Amino acid sequence: MAKFQLTKARQHGERVAAEKGYTAFPVNPFAIAESEGILIVPKPAEIKGVSGGIIFDEDVPSIFYATHIESEGFQRFTVAHELGHYFLDGHPEEILKSAKMHVSRAGFRQGDNSIELEADHFASGLLMPTQLVKKELTCGVIGLAGVEQLANRSQCSFTAAAIRAAECSPYPMAIVVSQGSDVCYCFMSEGFKGLGKPLTFLRKGSPLPLSATRDFNSDSNNVRYGKRQTTETTLADWFDGSKQIRLDEEIVGLGSFGCTLTVFSSDALAEDHADEDADEEANLIESYTPKFAYGR
Ligand SMILES: [Zn+2]
């Protein structure tokens, strides 16, 4: 699926959050559904793997969501995903073409080639609009702690918050979600991509480099019980960049999902970046000054 379509879906989600008046976290997808006259039905899951669905064939559309996973963040993401099917162009038509009810498996499973991915991106934009995420991340808490704070404030899952943090981060940051010895997915912030060119992009299914994360994953109890570990690594060890660039490798087990989140960042890089921003601003002022002087 074209990347711009996913970006469009995410921006649509952000627009809906703004239109509904959200200028601070948390965005409430249940209240948004209600304001559209959509019925919300909590349901024990009958089919394993189903996170929720939307039904269009009655007088009012209704959204149901599975309650077997007790994470509130997951349930909110599921409802936001279903709202994507309601708001995004072509989704209701696409769903009505095949059946009147659509069943979703929400949660950023890369490789899906369907309206599911679009709805996931809509949900992440709705619950974590770029402006709100940026504001949160410039509060000074970086790395895993920053992700955690964003997850708490936005009431989203660790993983969803980590992805958005890497997408919007004002300082260099990357995240890798892994399982066993394999990469599930990787996101890098723009600043991180700029740390060296071209950095190796860790694709889905590629093996994890020999690292603390890989060792961590070799004991399934680390993952299951949500253990944490912080160590130091370099850009060379993970992304084939410079050995001189040191990074914190912060690892956390994601519990019952069987995956591990690793966050890469560093205080030094975050500070450098803050200086850069200040410099840019200074340059901008300088470059305007002469013109202004000449114009007088
Ligand atoms: Zn869906």
# chains A, B, ... in the order shown; residues from 1 in each chain; ligands from 1
$ residues_near_ligand --ligand "ligand 1" --cutoff "12 Å" --atoms "only C-alpha atoms and all ligand atoms" --output "ChimeraX atom specification"
/A:50-55,63-65,77-86,88,91-92,94-95,101-109,112-123
$ residues_around --residues "Leu132 in chain A" --least-positions-apart "6" --cutoff "10 Å" --atoms "only C-alpha atoms" --output "ChimeraX atom specification"
/A:14,22-26,150,154,168
$ closest_residue --among "A:Ser169, A:Ser124, A:Ser218, A:Gln244" --to "Gly146 in chain A" --atoms "only C-alpha atoms"
A:Ser169
$ atom_distance --atom1 "CA of Asn221 in chain A" --atom2 "CA of Glu249 in chain A"
19.3 Å
$ closest_residue --among "A:Leu96, A:Ala212, A:Leu126, A:Ala33" --to "Arg10 in chain A" --atoms "only C-alpha atoms"
A:Leu126
$ residues_around --residues "Ala268 in chain A" --least-positions-apart "5" --cutoff "10 Å" --atoms "only C-alpha atoms" --output "list in words"
Ile245, Arg246, Leu247, His273 and Ala274 of chain A
$ atom_distance --atom1 "CA of Val141 in chain A" --atom2 "CA of Tyr185 in chain A"
23.7 Å
$ residues_around --residues "range 251-262 of chain A" --least-positions-apart "3" --cutoff "7 Å" --atoms "only C-alpha atoms" --output "mmCIF file with all heavy atoms, in the first residue's frame"
data_model
loop_
_atom_site.group_PDB
_atom_site.id
_atom_site.type_symbol
_atom_site.label_atom_id
_atom_site.label_comp_id
_atom_site.auth_asym_id
_atom_site.auth_seq_id
_atom_site.Cartn_x
_atom_site.Cartn_y
_atom_site.Cartn_z
ATOM 1 N N ILE A 175 12.946 3.020 17.260
ATOM 2 C CA ILE A 175 12.390 1.920 18.039
ATOM 3 C C ILE A 175 12.407 0.642 17.200
ATOM 4 O O ILE A 175 12.249 0.687 15.979
ATOM 5 C CB ILE A 175 10.942 2.193 18.517
ATOM 6 C CG1 ILE A 175 9.973 2.314 17.329
ATOM 7 C CG2 ILE A 175 10.847 3.442 19.372
ATOM 8 C CD1 ILE A 175 8.713 1.527 17.521
ATOM 9 N N VAL A 176 12.623 -0.457 17.892
ATOM 10 C CA VAL A 176 12.555 -1.763 17.232
ATOM 11 C C VAL A 176 11.643 -2.641 18.078
ATOM 12 O O VAL A 176 11.799 -2.705 19.302
ATOM 13 C CB VAL A 176 13.951 -2.417 17.121
ATOM 14 C CG1 VAL A 176 13.847 -3.862 16.661
ATOM 15 C CG2 VAL A 176 14.845 -1.628 16.172
ATOM 16 N N VAL A 177 10.669 -3.272 17.440
ATOM 17 C CA VAL A 177 9.872 -4.285 18.123
ATOM 18 C C VAL A 177 10.341 -5.633 17.586
ATOM 19 O O VAL A 177 10.494 -5.803 16.374
ATOM 20 C CB VAL A 177 8.354 -4.067 17.910
ATOM 21 C CG1 VAL A 177 7.554 -5.247 18.437
ATOM 22 C CG2 VAL A 177 7.911 -2.782 18.595
ATOM 23 N N SER A 178 10.638 -6.549 18.486
ATOM 24 C CA SER A 178 11.198 -7.830 18.054
ATOM 25 C C SER A 178 10.518 -8.982 18.764
ATOM 26 O O SER A 178 9.835 -8.800 19.786
ATOM 27 C CB SER A 178 12.699 -7.863 18.355
ATOM 28 O OG SER A 178 12.922 -7.727 19.752
ATOM 29 N N GLN A 179 10.727 -10.160 18.198
ATOM 30 C CA GLN A 179 10.208 -11.383 18.805
ATOM 31 C C GLN A 179 11.245 -12.474 18.590
ATOM 32 O O GLN A 179 11.651 -12.694 17.436
ATOM 33 C CB GLN A 179 8.880 -11.756 18.153
ATOM 34 C CG GLN A 179 8.120 -12.818 18.912
ATOM 35 C CD GLN A 179 6.658 -12.896 18.488
ATOM 36 O OE1 GLN A 179 6.331 -12.574 17.350
ATOM 37 N NE2 GLN A 179 5.798 -13.327 19.369
ATOM 38 N N THR A 213 19.387 -6.865 23.346
ATOM 39 C CA THR A 213 17.985 -7.191 23.053
ATOM 40 C C THR A 213 17.845 -8.663 22.689
ATOM 41 O O THR A 213 16.940 -9.355 23.155
ATOM 42 C CB THR A 213 17.454 -6.310 21.900
ATOM 43 O OG1 THR A 213 17.511 -4.940 22.309
ATOM 44 C CG2 THR A 213 16.025 -6.666 21.535
ATOM 45 N N ASN A 222 11.681 -12.960 30.513
ATOM 46 C CA ASN A 222 11.946 -11.513 30.425
ATOM 47 C C ASN A 222 10.801 -10.809 29.706
ATOM 48 O O ASN A 222 10.381 -9.729 30.090
ATOM 49 C CB ASN A 222 13.236 -11.257 29.636
ATOM 50 C CG ASN A 222 14.464 -11.588 30.447
ATOM 51 O OD1 ASN A 222 14.402 -11.595 31.677
ATOM 52 N ND2 ASN A 222 15.568 -11.855 29.770
ATOM 53 N N VAL A 223 10.329 -11.462 28.636
ATOM 54 C CA VAL A 223 9.269 -10.873 27.815
ATOM 55 C C VAL A 223 7.942 -10.969 28.553
ATOM 56 O O VAL A 223 7.217 -9.981 28.708
ATOM 57 C CB VAL A 223 9.177 -11.588 26.446
ATOM 58 C CG1 VAL A 223 8.116 -10.953 25.568
ATOM 59 C CG2 VAL A 223 10.539 -11.574 25.754
ATOM 60 N N ARG A 224 7.657 -12.168 29.053
ATOM 61 C CA ARG A 224 6.366 -12.437 29.682
ATOM 62 C C ARG A 224 6.133 -11.537 30.888
ATOM 63 O O ARG A 224 5.053 -11.016 31.084
ATOM 64 C CB ARG A 224 6.306 -13.913 30.095
ATOM 65 C CG ARG A 224 4.897 -14.352 30.458
ATOM 66 C CD ARG A 224 4.829 -15.858 30.706
ATOM 67 N NE ARG A 224 5.457 -16.636 29.659
ATOM 68 C CZ ARG A 224 6.215 -17.722 29.888
ATOM 69 N NH1 ARG A 224 6.448 -18.128 31.113
ATOM 70 N NH2 ARG A 224 6.735 -18.382 28.887
ATOM 71 N N TYR A 225 7.155 -11.358 31.709
ATOM 72 C CA TYR A 225 6.968 -10.585 32.942
ATOM 73 C C TYR A 225 7.326 -9.106 32.785
ATOM 74 O O TYR A 225 7.452 -8.391 33.765
ATOM 75 C CB TYR A 225 7.745 -11.231 34.101
ATOM 76 C CG TYR A 225 7.248 -12.628 34.380
ATOM 77 C CD1 TYR A 225 8.077 -13.720 34.246
ATOM 78 C CD2 TYR A 225 5.906 -12.846 34.726
ATOM 79 C CE1 TYR A 225 7.598 -15.018 34.466
ATOM 80 C CE2 TYR A 225 5.424 -14.131 34.951
ATOM 81 C CZ TYR A 225 6.273 -15.211 34.825
ATOM 82 O OH TYR A 225 5.802 -16.470 35.035
ATOM 83 N N GLY A 226 7.485 -8.678 31.564
ATOM 84 C CA GLY A 226 7.700 -7.245 31.314
ATOM 85 C C GLY A 226 8.959 -6.705 31.966
ATOM 86 O O GLY A 226 8.985 -5.586 32.450
ATOM 87 N N LYS A 227 10.014 -7.522 31.958
ATOM 88 C CA LYS A 227 11.265 -7.049 32.566
ATOM 89 C C LYS A 227 11.911 -5.970 31.708
ATOM 90 O O LYS A 227 11.563 -5.812 30.534
ATOM 91 C CB LYS A 227 12.212 -8.229 32.756
ATOM 92 C CG LYS A 227 11.682 -9.167 33.805
ATOM 93 C CD LYS A 227 12.727 -10.096 34.335
ATOM 94 C CE LYS A 227 12.103 -10.971 35.409
ATOM 95 N NZ LYS A 227 12.811 -12.198 35.619
ATOM 96 N N ARG A 228 12.825 -5.249 32.328
ATOM 97 C CA ARG A 228 13.495 -4.148 31.642
ATOM 98 C C ARG A 228 14.991 -4.257 31.776
ATOM 99 O O ARG A 228 15.489 -4.805 32.747
ATOM 100 C CB ARG A 228 13.095 -2.810 32.262
ATOM 101 C CG ARG A 228 11.678 -2.442 31.973
ATOM 102 C CD ARG A 228 11.271 -1.258 32.817
ATOM 103 N NE ARG A 228 9.874 -0.997 32.598
ATOM 104 C CZ ARG A 228 9.395 0.171 32.194
ATOM 105 N NH1 ARG A 228 10.192 1.193 32.018
ATOM 106 N NH2 ARG A 228 8.107 0.310 31.989
ATOM 107 N N GLN A 229 15.663 -3.661 30.809
ATOM 108 C CA GLN A 229 17.113 -3.642 30.855
ATOM 109 C C GLN A 229 17.613 -2.451 30.056
ATOM 110 O O GLN A 229 17.043 -2.138 29.004
ATOM 111 C CB GLN A 229 17.628 -4.939 30.237
ATOM 112 C CG GLN A 229 19.081 -5.223 30.523
ATOM 113 C CD GLN A 229 19.509 -6.499 29.829
ATOM 114 O OE1 GLN A 229 18.815 -7.515 29.868
ATOM 115 N NE2 GLN A 229 20.651 -6.433 29.175
ATOM 116 N N THR A 230 18.627 -1.775 30.563
ATOM 117 C CA THR A 230 19.200 -0.659 29.809
ATOM 118 C C THR A 230 20.684 -0.893 29.655
ATOM 119 O O THR A 230 21.363 -1.280 30.604
ATOM 120 C CB THR A 230 18.968 0.672 30.540
ATOM 121 O OG1 THR A 230 17.575 0.865 30.667
ATOM 122 C CG2 THR A 230 19.557 1.829 29.756
#
$ atom_distance --atom1 "CA of Thr130 in chain A" --atom2 "CA of Gly13 in chain A"
10.4 Å
